[in-house]
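Enquirer: So here's my_file_21.cif, just mmCIF, C-alpha atoms:
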data_work
#
loop_
_atom_site.label_atom_id
_atom_site.label_comp_id
_atom_site.auth_asym_id
_atom_site.auth_seq_id
_atom_site.Cartn_x
_atom_site.Cartn_y
_atom_site.Cartn_z
CA MET U 1 32.25 111.23 107.95
CA PRO U 2 33.19 112.81 104.61
CA THR U 3 35.79 115.53 104.52
CA ASN U 4 35.05 119.01 103.24
CA THR U 5 36.82 118.19 99.96
CA GLU U 6 34.78 115.01 99.44
CA THR U 7 31.57 116.90 100.16
CA THR U 8 32.53 119.60 97.65
CA ARG U 9 33.41 117.01 94.97
CA ASP U 10 30.17 115.12 95.58
CA ALA U 11 28.20 118.34 95.38
CA MET U 12 29.94 119.33 92.15
CA ALA U 13 29.25 115.90 90.63
CA ALA U 14 25.59 116.05 91.67
CA GLN U 15 25.17 119.56 90.29
CA MET U 16 26.91 118.63 87.06
CA SER U 17 24.68 115.60 86.50
CA GLN U 18 21.50 117.54 87.41
CA GLU U 19 22.30 120.35 85.02
CA GLY U 20 23.54 117.96 82.34
CA LYS U 21 26.68 120.05 81.90
CA TRP U 22 30.17 118.88 81.07
CA PHE U 23 32.80 120.84 82.74
CA SER U 24 35.53 120.43 80.27
CA SER U 25 35.20 124.10 79.34
CA THR U 26 36.64 125.17 82.69
CA ILE U 27 39.16 122.40 83.35
CA THR U 28 40.55 121.60 79.90
CA PRO U 29 42.28 124.93 79.13
CA LYS U 30 44.15 124.86 82.45
CA ILE U 31 45.28 121.26 82.05
CA ARG U 32 46.04 121.49 78.32
CA PHE U 33 48.17 124.58 79.03
CA LEU U 34 50.39 122.33 81.13
CA GLY U 35 50.59 119.81 78.26
CA ILE U 36 48.74 117.11 80.17
CA ARG U 37 46.38 114.75 78.34
CA HIS U 38 44.02 113.09 80.75
CA TRP U 39 41.55 110.21 80.50
CA GLY U 40 40.12 107.47 82.68
CA ASP U 41 38.84 107.67 86.22
CA ILE U 42 40.22 110.66 88.08
CA GLY U 43 38.81 110.93 91.58
CA PRO U 44 35.01 110.95 91.43
CA PHE U 45 34.98 111.69 87.68
CA THR U 46 35.41 109.79 84.43
CA VAL U 47 37.24 111.67 81.69
CA TYR U 48 37.65 110.86 78.00
CA ASN U 49 38.63 112.79 74.89
CA SER U 50 35.96 113.21 72.21
CA ARG U 51 36.57 113.06 68.46
CA ARG U 52 36.71 116.86 68.48
CA LYS U 53 39.65 116.70 70.92
CA LYS U 54 37.62 118.09 73.79
CA SER U 55 37.63 116.55 77.23
CA VAL U 56 34.32 115.11 78.36
CA ILE U 57 33.95 114.86 82.13
CA TYR U 58 31.11 113.28 84.06
CA ALA U 59 30.48 111.71 87.46
CA LYS U 60 31.91 108.20 87.77
CA ALA U 61 29.28 105.49 87.47
CA PRO U 62 29.29 102.85 90.17
CA PRO U 63 29.84 99.24 89.04
CA LYS U 64 26.65 97.36 88.20
CA CYS U 65 27.77 94.11 89.81
CA VAL U 66 30.42 92.82 92.18
CA PRO U 67 33.72 91.68 90.66
CA SER U 68 33.89 88.00 89.71
CA LEU U 69 36.46 85.62 91.16
CA GLY U 70 38.41 85.79 87.89
CA GLN U 71 38.52 89.59 88.06
CA LYS U 72 39.70 89.48 91.66
CA ARG U 73 42.38 86.92 90.75
CA ASN U 74 43.64 88.99 87.80
CA ARG U 75 43.70 92.19 89.85
CA LEU U 76 45.72 90.41 92.52
CA LEU U 77 48.14 89.01 89.91
CA PHE U 78 48.72 92.47 88.40
CA LYS U 79 49.13 93.96 91.87
CA CYS U 80 51.71 91.31 92.79
CA ALA U 81 53.52 91.83 89.48
CA GLY U 82 53.71 95.57 90.19
CA ILE U 83 55.02 94.98 93.70
CA ALA U 84 57.62 92.50 92.42
CA TRP U 85 58.69 94.98 89.70
CA GLY U 86 59.04 97.69 92.34
CA ARG U 87 61.42 95.47 94.31
CA LEU U 88 63.82 95.13 91.38
CA THR U 89 66.85 97.40 91.37
CA GLU U 90 66.98 100.22 88.83
CA ARG U 91 69.64 98.29 86.90
CA GLU U 92 67.47 95.15 86.74
CA LYS U 93 64.52 97.18 85.50
CA ALA U 94 66.74 98.87 82.90
CA ASP U 95 67.95 95.42 81.75
CA TRP U 96 64.37 94.31 81.09
CA GLU U 97 63.65 97.55 79.21
CA ARG U 98 66.84 97.31 77.12
CA ALA U 99 66.27 93.64 76.30
CA THR U 100 62.76 94.25 74.94
CA LYS U 101 63.99 97.22 72.91
CA LYS U 102 66.94 95.30 71.51
CA VAL U 103 64.77 92.48 70.14
CA SER U 104 62.13 94.97 68.91
CA LEU U 105 59.21 93.42 70.76
CA GLY U 106 57.11 96.58 70.69
CA ILE U 107 56.34 96.22 74.40
CA THR U 108 58.09 97.49 77.49
CA GLY U 109 60.16 95.47 79.90
CA TYR U 110 57.43 95.95 82.49
CA ASN U 111 54.87 94.46 80.08
CA LEU U 112 57.07 91.40 79.51
CA TRP U 113 57.64 91.07 83.28
CA THR U 114 53.87 91.22 83.94
CA PHE U 115 53.14 88.74 81.13
CA THR U 116 55.73 86.34 82.54
CA ILE U 117 54.11 86.44 85.98
CA LYS U 118 50.54 86.21 84.66
CA SER U 119 51.27 83.31 82.29
CA LYS U 120 53.54 81.55 84.84
CA ASP U 121 55.89 80.73 81.96
CA THR U 122 59.41 82.10 81.58
CA ALA U 123 60.02 80.63 78.08
CA ILE U 124 59.35 83.85 76.16
CA ALA U 125 61.34 85.97 78.61
CA ARG U 126 64.23 83.48 78.40
CA ALA U 127 64.12 83.68 74.60
CA VAL U 128 64.32 87.49 74.85
CA GLU U 129 67.26 87.12 77.22
CA VAL U 130 69.11 84.82 74.78
CA GLN U 131 68.37 86.96 71.69
CA SER U 132 69.30 90.23 73.36
CA GLY U 133 72.35 88.89 75.16
CA ILE U 134 71.29 90.82 78.30
CA PRO U 135 71.03 88.75 81.50
CA LEU U 136 67.64 89.19 83.17
CA LYS U 137 66.51 88.53 86.73
CA PHE U 138 63.44 86.33 86.46
CA PRO U 139 60.42 86.41 88.75
CA ASP U 140 59.63 83.29 90.76
CA VAL U 141 56.55 81.96 88.97
CA GLY U 142 56.37 78.68 90.84
CA ASN U 143 57.67 76.35 88.10
#
Can you present the structure in this file as structure tokens?

Expert:
Amino acid sequence: MPTNTETTRDAMAAQMSQEGKWFSSTITPKIRFLGIRHWGDIGPFTVYNSRRKKSVIYAKAPPKCVPSLGQKRNRLLFKCAGIAWGRLTEREKADWERATKKVSLGITGYNLWTFTIKSKDTAIARAVEVQSGIPLKFPDVGN
């Protein structure tokens, strides 16, 4: 059974799509006042910023088809990478961040960590470790 909040959100989304209105005029000033830029799926809504720097908000569209096996596999890999990153100590995370900055990769330590897990190859991360001179704790990628 839906909660009162879910019912209200669903009703708002239905009303918005029936009337063809965007509700950025009511939400944007409050959020922009706080200095928050928002986009993507937020609850039952999809939000993006138009060329005129206005927020466009509409009800989230359901997916047209079920996720493929490849999509499920990739989502699981990214989920596992995030969990493994979360289990690192703050110092280990900082080492990955400092190492990528020191060799001017243009990506974050988290991005390199995720790439290492997804590609199942530690060669690039080891090269970053050697070039930066910062010892890194490597994920177990099954090699």

Enquirer: Pick out the closest residue to U:Ile134 from this set: U:Leu77, U:Ala59, U:Ile42, U:Ala94. Count all atoms listed in the file.

Expert: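 Counting all atoms listed in the file, the residue closest to U:Ile134 is U:Ala94.
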
Enquirer: I'd like to know which of U:Trp85, U:Tyr58, U:Phe45, U:Trp113 is closest to U:Thr100, using all atoms listed in the file.

Expert: U:Trp113

Enquirer: So what does the PyMOL selection byres ((chain U and resi 116) around 10) actually pick up in this one, as a list in words?

Expert: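 With the PyMOL selection byres ((chain U and resi 116) around 10) on this model, the match is Ala81, Tyr110, Asn111, Leu112, Trp113, Thr114, Phe115, Ile117, Lys118, Ser119, Lys120, Asp121, Thr122, Ala123, Ile124, Ala125, Arg126, Phe138, Pro139, Asp140 and Val141 of chain U.
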
Enquirer: Please report the interatomic distance between atom CA of U:Tyr48 and atom CA of U:Gly70 in Å with one decimal.

Expert: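 Atom CA of U:Tyr48 sits 27.0 Å away from atom CA of U:Gly70.
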
Enquirer: Take atom CA of U:Lys101 and atom CA of U:Val128 and report the distance between them in Å, one decimal.

Expert: 9.9 Å

Enquirer: Under the PyMOL selection byres ((chain U and resi 103) around 10), which residues of this model are included? Write them out as a VMD selection string.

Expert: chain U and resid 98 to 102 104 to 106 127 to 133

Enquirer: For the residues in that selection, give me C-alpha atoms as a compact mmCIF listing (two decimals), in the frame of the given file.

Expert:
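Saved result, out.txt, follows:
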# COMPACT_ATOMS: atom_id res chain seq x y z
CA ARG U 98 66.84 97.31 77.12
CA ALA U 99 66.27 93.64 76.30
CA THR U 100 62.76 94.25 74.94
CA LYS U 101 63.99 97.22 72.91
CA LYS U 102 66.94 95.30 71.51
CA SER U 104 62.13 94.97 68.91
CA LEU U 105 59.21 93.42 70.76
CA GLY U 106 57.11 96.58 70.69
CA ALA U 127 64.12 83.68 74.60
CA VAL U 128 64.32 87.49 74.85
CA GLU U 129 67.26 87.12 77.22
CA VAL U 130 69.11 84.82 74.78
CA GLN U 131 68.37 86.96 71.69
CA SER U 132 69.30 90.23 73.36
CA GLY U 133 72.35 88.89 75.16

Enquirer: Take atom CA of U:Ile57 and atom CA of U:Arg75 and report the distance between them in Å, one decimal.

Expert: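 Pair atom CA of U:Ile57 / atom CA of U:Arg75 returns 25.9 Å.
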
Enquirer: Skip U:Trp39 itself and residues of its chain fewer than 4 positions away, then list as a list in words all residues within 12 Å of it, counting all atoms listed in the file.

Expert: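 Counting all atoms listed in the file, the residues come to Ser24, Thr28, Ile31, Gly43, Phe45, Thr46, Val47, Tyr48, Asn49, Ser50, Lys53, Lys54, Ser55, Val56, Ile57 and Tyr58 of chain U.
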
Enquirer: Pick out the closest residue to U:Ala61 from this set: U:Ile107, U:Asp41, U:Leu136, U:Arg87. Count all atoms listed in the file.

Expert: U:Asp41

Enquirer: Determine the axis-aligned bounding box of all atoms of stretch 63-66 of chain U present in the file, pad each side by 3 Å, and express its centre and edge lengths in Å to one decimal place as JSON.

Expert:
{"center_x": 28.5, "center_y": 96.0, "center_z": 90.2, "size_x": 9.8, "size_y": 12.4, "size_z": 10.0}
